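This is query23.pdb. It holds PDB, C-alpha atoms.
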ATOM      1  CA  MET A1241       0.000   0.000   0.000
ATOM      2  CA  ARG A1242       1.367   3.418  -0.969
ATOM      3  CA  LEU A1243       1.684   5.833   1.953
ATOM      4  CA  SER A1244      -0.366   9.017   1.865
ATOM      5  CA  ALA A1245       1.481  12.240   1.128
ATOM      6  CA  HIS A1246       0.955  13.412   4.721
ATOM      7  CA  LEU A1247       2.256  10.209   6.311
ATOM      8  CA  PHE A1248       5.141   9.983   3.849
ATOM      9  CA  ASN A1249       6.227  13.508   4.776
ATOM     10  CA  ALA A1250       6.027  12.793   8.512
ATOM     11  CA  ILE A1251       8.147   9.654   8.218
ATOM     12  CA  ALA A1252      10.733  11.383   6.033
ATOM     13  CA  ASN A1253      11.168  14.144   8.595
ATOM     14  CA  ILE A1254      11.833  11.557  11.317
ATOM     15  CA  PHE A1255      14.463   9.545   9.501
ATOM     16  CA  TYR A1256      16.459  12.332   7.826
ATOM     17  CA  SER A1257      18.847  13.462  10.562
ATOM     18  CA  GLU A1258      20.813  16.704  10.247
ATOM     19  CA  GLU A1259      23.968  14.655   9.711
ATOM     20  CA  ILE A1260      22.376  12.671   6.894
ATOM     21  CA  LEU A1261      21.015  15.810   5.267
ATOM     22  CA  ALA A1262      24.445  17.437   5.437
ATOM     23  CA  SER A1263      26.049  14.391   3.805
ATOM     24  CA  ILE A1264      23.531  14.366   0.947
ATOM     25  CA  ARG A1265      23.958  18.119   0.442
ATOM     26  CA  GLN A1266      27.724  17.646   0.223
ATOM     27  CA  GLU A1267      27.372  14.959  -2.443
ATOM     28  CA  ILE A1268      25.013  17.108  -4.526
ATOM     29  CA  ALA A1269      27.207  20.219  -4.188
ATOM     30  CA  ALA A1270      24.587  22.366  -5.916
ATOM     31  CA  THR A1271      25.580  25.485  -7.838
ATOM     32  CA  PRO A1272      23.297  28.016  -9.592
ATOM     33  CA  SER A1273      24.194  26.622 -13.010
ATOM     34  CA  MET A1274      23.334  22.994 -12.160
ATOM     35  CA  ARG A1275      20.098  21.427 -13.390
ATOM     36  CA  ILE A1276      19.017  18.932 -10.744
ATOM     37  CA  LEU A1277      16.295  16.270 -10.863
ATOM     38  CA  ASP A1278      14.976  14.990  -7.528
ATOM     39  CA  ILE A1279      13.147  11.697  -8.087
ATOM     40  CA  PRO A1280      11.182  10.501  -6.209
ATOM     41  CA  CYS A1281      10.717  13.932  -4.678
ATOM     42  CA  GLY A1282       7.853  12.989  -2.361
ATOM     43  CA  SER A1283       6.518  16.214  -0.920
ATOM     44  CA  GLY A1284       9.772  18.071  -1.584
ATOM     45  CA  THR A1285      11.524  17.239   1.687
ATOM     46  CA  LEU A1286      14.983  17.281   0.104
ATOM     47  CA  ALA A1287      14.419  20.183  -2.279
ATOM     48  CA  PRO A1288      16.395  22.645  -0.089
ATOM     49  CA  LEU A1289      19.478  20.423  -0.440
ATOM     50  CA  CYS A1290      19.426  20.974  -4.210
ATOM     51  CA  LEU A1291      19.412  24.750  -4.068
ATOM     52  CA  PRO A1292      20.701  27.070  -5.510
ATOM     53  CA  GLY A1293      20.534  24.635  -8.437
ATOM     54  CA  GLN A1294      17.814  24.736 -11.089
ATOM     55  CA  TYR A1295      15.550  22.225  -9.390
ATOM     56  CA  HIS A1296      12.870  19.904 -10.762
ATOM     57  CA  GLY A1297      11.084  17.439  -8.475
ATOM     58  CA  ALA A1298       9.258  14.396  -9.860
ATOM     59  CA  ASP A1299       7.251  11.606  -8.277
ATOM     60  CA  ILE A1300       4.902   8.893  -9.494
ATOM     61  CA  ASP A1301       2.313   9.858  -6.859
ATOM     62  CA  PRO A1302       0.234  12.898  -7.941
ATOM     63  CA  ASP A1303      -0.848  13.554  -4.328
ATOM     64  CA  ARG A1304       2.763  13.958  -3.242
ATOM     65  CA  VAL A1305       3.440  16.234  -6.195
ATOM     66  CA  LYS A1306       0.417  18.336  -5.228
ATOM     67  CA  ARG A1307       1.682  18.655  -1.653
ATOM     68  CA  ALA A1308       5.185  19.514  -2.876
ATOM     69  CA  ARG A1309       3.769  22.324  -5.011
ATOM     70  CA  GLN A1310       1.879  23.655  -2.013
ATOM     71  CA  GLU A1311       4.931  23.597   0.242
ATOM     72  CA  HIS A1312       7.401  24.908  -2.369
ATOM     73  CA  PRO A1313       5.366  27.093  -4.767
ATOM     74  CA  SER A1314       8.456  28.623  -6.376
ATOM     75  CA  LEU A1315       9.867  25.255  -7.498
ATOM     76  CA  ALA A1316       8.926  22.933 -10.367
ATOM     77  CA  PHE A1317       7.288  19.564  -9.676
ATOM     78  CA  SER A1318       5.618  17.042 -11.958
ATOM     79  CA  PRO A1319       4.229  13.475 -11.839
ATOM     80  CA  ARG A1320       6.615  11.116 -13.661
ATOM     81  CA  ASP A1321       7.284   7.388 -14.019
ATOM     82  CA  VAL A1322      10.986   6.841 -13.397
ATOM     83  CA  THR A1323      11.149   4.027 -15.959
ATOM     84  CA  ARG A1324       9.783   6.277 -18.747
ATOM     85  CA  LEU A1325      11.070   9.809 -18.264
ATOM     86  CA  ASP A1326      10.114  12.232 -21.004
ATOM     87  CA  PHE A1327      13.007  14.629 -20.399
ATOM     88  CA  GLU A1328      15.362  15.425 -23.254
ATOM     89  CA  ASP A1329      18.745  13.730 -23.562
ATOM     90  CA  GLY A1330      21.417  15.342 -21.418
ATOM     91  CA  ALA A1331      18.899  17.490 -19.546
ATOM     92  CA  PHE A1332      20.430  17.320 -16.052
ATOM     93  CA  ASP A1333      23.771  17.734 -14.321
ATOM     94  CA  CYS A1334      22.684  15.814 -11.230
ATOM     95  CA  ILE A1335      19.946  13.376 -10.256
ATOM     96  CA  LEU A1336      19.034  12.831  -6.611
ATOM     97  CA  ALA A1337      17.497   9.387  -6.102
ATOM     98  CA  ALA A1338      16.650   9.102  -2.414
ATOM     99  CA  GLY A1339      14.661   6.056  -1.364
ATOM    100  CA  LEU A1340      13.933   4.976  -4.924
ATOM    101  CA  PHE A1341      15.499   1.633  -5.657
ATOM    102  CA  HIS A1342      14.114  -0.376  -2.728
ATOM    103  CA  HIS A1343      10.719   0.188  -4.384
ATOM    104  CA  LEU A1344      11.853  -1.252  -7.738
ATOM    105  CA  ASP A1345      12.457  -4.830  -8.842
ATOM    106  CA  ASP A1346      15.610  -5.523 -10.847
ATOM    107  CA  ARG A1347      14.001  -4.962 -14.252
ATOM    108  CA  SER A1348      12.386  -1.664 -13.269
ATOM    109  CA  ALA A1349      15.601  -0.520 -11.578
ATOM    110  CA  ASP A1350      17.557  -1.247 -14.752
ATOM    111  CA  LEU A1351      15.063   0.735 -16.846
ATOM    112  CA  ALA A1352      15.319   3.662 -14.426
ATOM    113  CA  LEU A1353      19.116   3.585 -14.497
ATOM    114  CA  ALA A1354      19.118   3.525 -18.302
ATOM    115  CA  GLU A1355      16.872   6.596 -18.273
ATOM    116  CA  PHE A1356      19.191   8.317 -15.790
ATOM    117  CA  ALA A1357      22.167   7.627 -18.053
ATOM    118  CA  ARG A1358      20.257   9.083 -20.991
ATOM    119  CA  ILE A1359      19.122  12.323 -19.361
ATOM    120  CA  LEU A1360      22.439  13.107 -17.676
ATOM    121  CA  LYS A1361      24.877  15.528 -19.267
ATOM    122  CA  PRO A1362      28.444  14.285 -19.860
ATOM    123  CA  GLY A1363      30.177  14.431 -16.504
ATOM    124  CA  GLY A1364      26.856  14.301 -14.642
ATOM    125  CA  LYS A1365      26.177  12.289 -11.501
ATOM    126  CA  VAL A1366      23.480  10.401  -9.628
ATOM    127  CA  VAL A1367      23.392  10.809  -5.850
ATOM    128  CA  VAL A1368      21.750   7.707  -4.363
ATOM    129  CA  PHE A1369      20.523   7.523  -0.777
ATOM    130  CA  GLU A1370      19.058   4.092  -0.220
ATOM    131  CA  ALA A1371      17.636   1.765   2.414
ATOM    132  CA  ILE A1372      19.752  -1.329   3.091
ATOM    133  CA  TRP A1373      19.441  -4.383   5.293
ATOM    134  CA  PRO A1374      21.108  -3.985   8.724
ATOM    135  CA  ARG A1375      24.892  -4.205   8.541
ATOM    136  CA  CYS A1376      24.945  -5.876  11.957
ATOM    137  CA  ARG A1377      23.198  -9.242  12.220
ATOM    138  CA  LEU A1378      22.289  -8.487  15.825
ATOM    139  CA  ASN A1379      20.205  -5.464  14.805
ATOM    140  CA  LEU A1380      16.938  -7.364  15.000
ATOM    141  CA  PRO A1381      14.750  -4.251  15.399
ATOM    142  CA  GLY A1382      16.325  -2.832  12.242
ATOM    143  CA  LEU A1383      15.676  -6.100  10.412
ATOM    144  CA  ALA A1384      12.047  -6.101  11.503
ATOM    145  CA  ALA A1385      11.632  -2.468  10.440
ATOM    146  CA  ARG A1386      13.028  -3.153   6.988
ATOM    147  CA  LYS A1387      10.713  -6.142   6.554
ATOM    148  CA  MET A1388       7.766  -3.854   7.269
ATOM    149  CA  ASP A1389       9.014  -1.230   4.814
ATOM    150  CA  ASP A1390       6.630   0.012   2.130
ATOM    151  CA  GLY A1391       9.353  -0.876  -0.389
ATOM    152  CA  LYS A1392       9.610  -4.613  -1.038
ATOM    153  CA  PHE A1393      13.061  -4.688  -2.681
ATOM    154  CA  VAL A1394      15.464  -3.663   0.082
ATOM    155  CA  ARG A1395      18.913  -4.998  -0.820
ATOM    156  CA  HIS A1396      22.417  -5.281   0.568
ATOM    157  CA  PRO A1397      24.913  -2.823  -0.992
ATOM    158  CA  PRO A1398      26.560  -5.480  -3.232
ATOM    159  CA  ALA A1399      23.182  -6.223  -4.842
ATOM    160  CA  TYR A1400      22.569  -2.508  -5.469
ATOM    161  CA  ARG A1401      26.112  -2.206  -6.820
ATOM    162  CA  ASP A1402      25.494  -5.036  -9.301
ATOM    163  CA  LEU A1403      22.492  -3.092 -10.640
ATOM    164  CA  PHE A1404      24.178   0.309 -10.721
ATOM    165  CA  SER A1405      27.365  -0.974 -12.357
ATOM    166  CA  ARG A1406      25.484  -1.907 -15.521
ATOM    167  CA  HIS A1407      25.288   1.799 -16.392
ATOM    168  CA  PHE A1408      27.514   3.723 -13.962
ATOM    169  CA  ASN A1409      30.762   3.779 -12.081
ATOM    170  CA  CYS A1410      29.832   2.816  -8.528
ATOM    171  CA  PRO A1411      32.285   3.507  -5.669
ATOM    172  CA  GLU A1412      32.136   2.162  -2.119
ATOM    173  CA  GLY A1413      30.019   5.003  -0.782
ATOM    174  CA  LYS A1414      29.124   5.841   2.816
ATOM    175  CA  TYR A1415      26.911   4.115   5.366
ATOM    176  CA  PRO A1416      24.808   6.607   7.367
ATOM    177  CA  HIS A1417      22.856   5.284  10.329
ATOM    178  CA  ARG A1418      19.678   6.737  11.824
ATOM    179  CA  LEU A1419      17.970   5.286  14.910
ATOM    180  CA  ILE A1420      17.806   1.528  14.142
ATOM    181  CA  LEU A1421      18.168   1.830  10.377
ATOM    182  CA  ASP A1422      21.161   1.634   8.036
ATOM    183  CA  TYR A1423      21.461   3.423   4.694
ATOM    184  CA  TRP A1424      23.843   3.652   1.773
ATOM    185  CA  LEU A1425      24.893   6.984   0.272
ATOM    186  CA  VAL A1426      26.783   6.729  -3.007
ATOM    187  CA  THR A1427      27.446   8.976  -5.995
ATOM    188  CA  LEU A1428      27.316   7.288  -9.398
ATOM    189  CA  THR A1429      29.068   8.642 -12.482
ATOM    190  CA  LEU A1430      28.937   7.651 -16.125
ATOM    191  CA  PRO A1431      31.999   5.925 -17.553
ATOM    192  CA  SER A1432      34.083   8.709 -19.099
ATOM    193  CA  ASP A1433      34.140   7.182 -22.575
ATOM    194  CA  ALA A1434      30.446   6.226 -22.630
ATOM    195  CA  SER A1435      29.245   9.590 -21.311
ATOM    196  CA  THR A1436      30.473  11.669 -24.228
ATOM    197  CA  THR A1437      29.820   9.013 -26.859
ATOM    198  CA  ARG A1438      26.175   8.517 -25.896
ATOM    199  CA  TYR A1439      25.480  12.225 -25.659
ATOM    200  CA  LEU A1440      27.030  13.176 -28.989
ATOM    201  CA  SER A1441      25.939  10.176 -31.031
ATOM    202  CA  GLY A1442      22.383   9.942 -29.734
ATOM    203  CA  GLU A1443      22.939   6.325 -28.704
ATOM    204  CA  HIS A1444      21.124   5.398 -25.499
ATOM    205  CA  PRO A1445      21.534   2.443 -23.137
TER     206      PRO A1445
END
Using structure tokens, write down the structure that the file contains.
Amino acid sequence: MRLSAHLFNAIANIFYSEEILASIRQEIAATPSMRILDIPCGSGTLAPLCLPGQYHGADIDPDRVKRARQEHPSLAFSPRDVTRLDFEDGAFDCILAAGLFHHLDDRSADLALAEFARILKPGGKVVVFEAIWPRCRLNLPGLAARKMDDGKFVRHPPAYRDLFSRHFNCPEGKYPHRLILDYWLVTLTLPSDASTTRYLSGEHP
């Protein structure tokens, strides 16, 4: 069952600590000239981390998009399916994908990653903040919480890395922790040769 926009916003505010927000902001490193896509944007919780960039928030849930527009009337939001993005090739310098991939099975995740590779400019990046299974086997409350998660495809980092590496360079990343839950924060980049070739030739993954 998909969480309501109100409940989604409340939960997001609980689990994004100041330390986690600072780490995501550092990875984005927004500048006024950057075009940034935040997907799924939810109700725009992370929009401030993308400023002063040229921000666009997108989410598959129209109710969350509506709430985001109400809370951030000066910013652009739209309902979008991450596996079929109708943005132009090379439209963005940075994509923020926070809490996306544990909602997607492998096939849908691969389609989304192919779309990300297409709409990124050469030299662009994808900042991923993702739910992972507890790193400590003794963290039984964390395990129980993840099993009750609205997303049904929580993975260990190596499984995410296998998916991401089909389209992007994927480093080790960082492992933020909040309350009983573990996360993975990693910045993906296009292979240097593929980035320019795809953009100039019009070839897409």
Which of A:Ser1263, A:Arg1304, A:Pro1272, A:Glu1328 sits closest to Gly1413 in chain A [using all atoms listed in the file]
A:Ser1263
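Interatomic distance, CA of Phe1332 in chain A against CA of Arg1265 in chain A: 16.9 Å.
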How far is it from CA of Leu1378 in chain A to CA of Ala1337 in chain A, in Å with one decimal?
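Result for CA of Leu1378 in chain A versus CA of Ala1337 in chain A: 28.7 Å, one decimal.
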Resolved residues for the PyMOL selection byres ((chain A and resi 1299-1303) around 6) as a PyMOL selection string
chain A and resi 1279-1281+1298+1304-1306+1319-1321
Suppose a student applies the PyMOL selection byres ((chain A and resi 1267) around 9) to this structure; what residues should they get, written as a short mmCIF file (atom, residue, chain, number, x, y, z; two decimals) with C-alpha atoms, in the frame of the given file?
data_model
loop_
_atom_site.label_atom_id
_atom_site.label_comp_id
_atom_site.auth_asym_id
_atom_site.auth_seq_id
_atom_site.Cartn_x
_atom_site.Cartn_y
_atom_site.Cartn_z
CA ALA A 1262 24.44 17.44 5.44
CA SER A 1263 26.05 14.39 3.80
CA ILE A 1264 23.53 14.37 0.95
CA ARG A 1265 23.96 18.12 0.44
CA GLN A 1266 27.72 17.65 0.22
CA ILE A 1268 25.01 17.11 -4.53
CA ALA A 1269 27.21 20.22 -4.19
CA ALA A 1270 24.59 22.37 -5.92
CA VAL A 1367 23.39 10.81 -5.85
CA LEU A 1425 24.89 6.98 0.27
CA VAL A 1426 26.78 6.73 -3.01
CA THR A 1427 27.45 8.98 -6.00
#
Non-local contacts of Glu1355 in chain A (8 Å; all atoms listed in the file; under 6 positions in same chain excluded) as a short mmCIF file (atom, residue, chain, number, x, y, z; two decimals) with C-alpha atoms, keeping the file's coordinate frame:
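The result, written out as around.cif:
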data_model
loop_
_atom_site.label_atom_id
_atom_site.label_comp_id
_atom_site.auth_asym_id
_atom_site.auth_seq_id
_atom_site.Cartn_x
_atom_site.Cartn_y
_atom_site.Cartn_z
CA VAL A 1322 10.99 6.84 -13.40
CA THR A 1323 11.15 4.03 -15.96
CA ARG A 1324 9.78 6.28 -18.75
CA LEU A 1325 11.07 9.81 -18.26
CA PRO A 1445 21.53 2.44 -23.14
#
Can you give me, as a PyMOL selection string, the residues this file yields under the PyMOL selection byres ((chain A and resi 1396-1409) around 10)?
chain A and resi 1341-1342+1346-1347+1349-1350+1353-1358+1365-1366+1370-1375+1393-1395+1410-1413+1415+1423-1432+1434-1435+1445
Write the residues you've just listed into a file as a PDB file, in the coordinates of the input, and include C-alpha atoms for each of them.
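Printed below is selection_14.pdb as written:
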ATOM      1  CA  PHE A1341      15.499   1.633  -5.657  1.00  0.00           C
ATOM      2  CA  HIS A1342      14.114  -0.376  -2.728  1.00  0.00           C
ATOM      3  CA  ASP A1346      15.610  -5.523 -10.847  1.00  0.00           C
ATOM      4  CA  ARG A1347      14.001  -4.962 -14.252  1.00  0.00           C
ATOM      5  CA  ALA A1349      15.601  -0.520 -11.578  1.00  0.00           C
ATOM      6  CA  ASP A1350      17.557  -1.247 -14.752  1.00  0.00           C
ATOM      7  CA  LEU A1353      19.116   3.585 -14.497  1.00  0.00           C
ATOM      8  CA  ALA A1354      19.118   3.525 -18.302  1.00  0.00           C
ATOM      9  CA  GLU A1355      16.872   6.596 -18.273  1.00  0.00           C
ATOM     10  CA  PHE A1356      19.191   8.317 -15.790  1.00  0.00           C
ATOM     11  CA  ALA A1357      22.167   7.627 -18.053  1.00  0.00           C
ATOM     12  CA  ARG A1358      20.257   9.083 -20.991  1.00  0.00           C
ATOM     13  CA  LYS A1365      26.177  12.289 -11.501  1.00  0.00           C
ATOM     14  CA  VAL A1366      23.480  10.401  -9.628  1.00  0.00           C
ATOM     15  CA  GLU A1370      19.058   4.092  -0.220  1.00  0.00           C
ATOM     16  CA  ALA A1371      17.636   1.765   2.414  1.00  0.00           C
ATOM     17  CA  ILE A1372      19.752  -1.329   3.091  1.00  0.00           C
ATOM     18  CA  TRP A1373      19.441  -4.383   5.293  1.00  0.00           C
ATOM     19  CA  PRO A1374      21.108  -3.985   8.724  1.00  0.00           C
ATOM     20  CA  ARG A1375      24.892  -4.205   8.541  1.00  0.00           C
ATOM     21  CA  PHE A1393      13.061  -4.688  -2.681  1.00  0.00           C
ATOM     22  CA  VAL A1394      15.464  -3.663   0.082  1.00  0.00           C
ATOM     23  CA  ARG A1395      18.913  -4.998  -0.820  1.00  0.00           C
ATOM     24  CA  CYS A1410      29.832   2.816  -8.528  1.00  0.00           C
ATOM     25  CA  PRO A1411      32.285   3.507  -5.669  1.00  0.00           C
ATOM     26  CA  GLU A1412      32.136   2.162  -2.119  1.00  0.00           C
ATOM     27  CA  GLY A1413      30.019   5.003  -0.782  1.00  0.00           C
ATOM     28  CA  TYR A1415      26.911   4.115   5.366  1.00  0.00           C
ATOM     29  CA  TYR A1423      21.461   3.423   4.694  1.00  0.00           C
ATOM     30  CA  TRP A1424      23.843   3.652   1.773  1.00  0.00           C
ATOM     31  CA  LEU A1425      24.893   6.984   0.272  1.00  0.00           C
ATOM     32  CA  VAL A1426      26.783   6.729  -3.007  1.00  0.00           C
ATOM     33  CA  THR A1427      27.446   8.976  -5.995  1.00  0.00           C
ATOM     34  CA  LEU A1428      27.316   7.288  -9.398  1.00  0.00           C
ATOM     35  CA  THR A1429      29.068   8.642 -12.482  1.00  0.00           C
ATOM     36  CA  LEU A1430      28.937   7.651 -16.125  1.00  0.00           C
ATOM     37  CA  PRO A1431      31.999   5.925 -17.553  1.00  0.00           C
ATOM     38  CA  SER A1432      34.083   8.709 -19.099  1.00  0.00           C
ATOM     39  CA  ALA A1434      30.446   6.226 -22.630  1.00  0.00           C
ATOM     40  CA  SER A1435      29.245   9.590 -21.311  1.00  0.00           C
ATOM     41  CA  PRO A1445      21.534   2.443 -23.137  1.00  0.00           C
TER      42      PRO A1445
END
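The spacing separating CA of Asp1333 in chain A from CA of Ile1359 in chain A amounts to 8.7 Å.
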Which residues are near Leu1315 in chain A? Cut-off 12 Å, all atoms listed in the file, ignore same chain within fewer than 2 positions. Put them as a list in words.
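Near neighbours after the sequence-gap exclusion: Ile1276, Leu1277, Asp1278, Cys1281, Ser1283, Gly1284, Ala1287, Pro1288, Cys1290, Leu1291, Pro1292, Gly1293, Gln1294, Tyr1295, His1296, Gly1297, Ala1298, Val1305, Lys1306, Ala1308, Arg1309, Gln1310, Glu1311, His1312, Pro1313, Phe1317 and Ser1318 of chain A.
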Nearest to Arg1418 in chain A: which of A:Leu1344, A:Pro1362, A:Val1368, A:Gly1382 is it, counting all atoms listed in the file?
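Nearest to Arg1418 in chain A: A:Gly1382.
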From the list A:Asn1379, A:Phe1369, A:Asp1389, A:Arg1275, which residue is nearest Gly1339 in chain A when using only C-alpha atoms?
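Looking at the shortest contact to Gly1339 in chain A, the residue is A:Phe1369.
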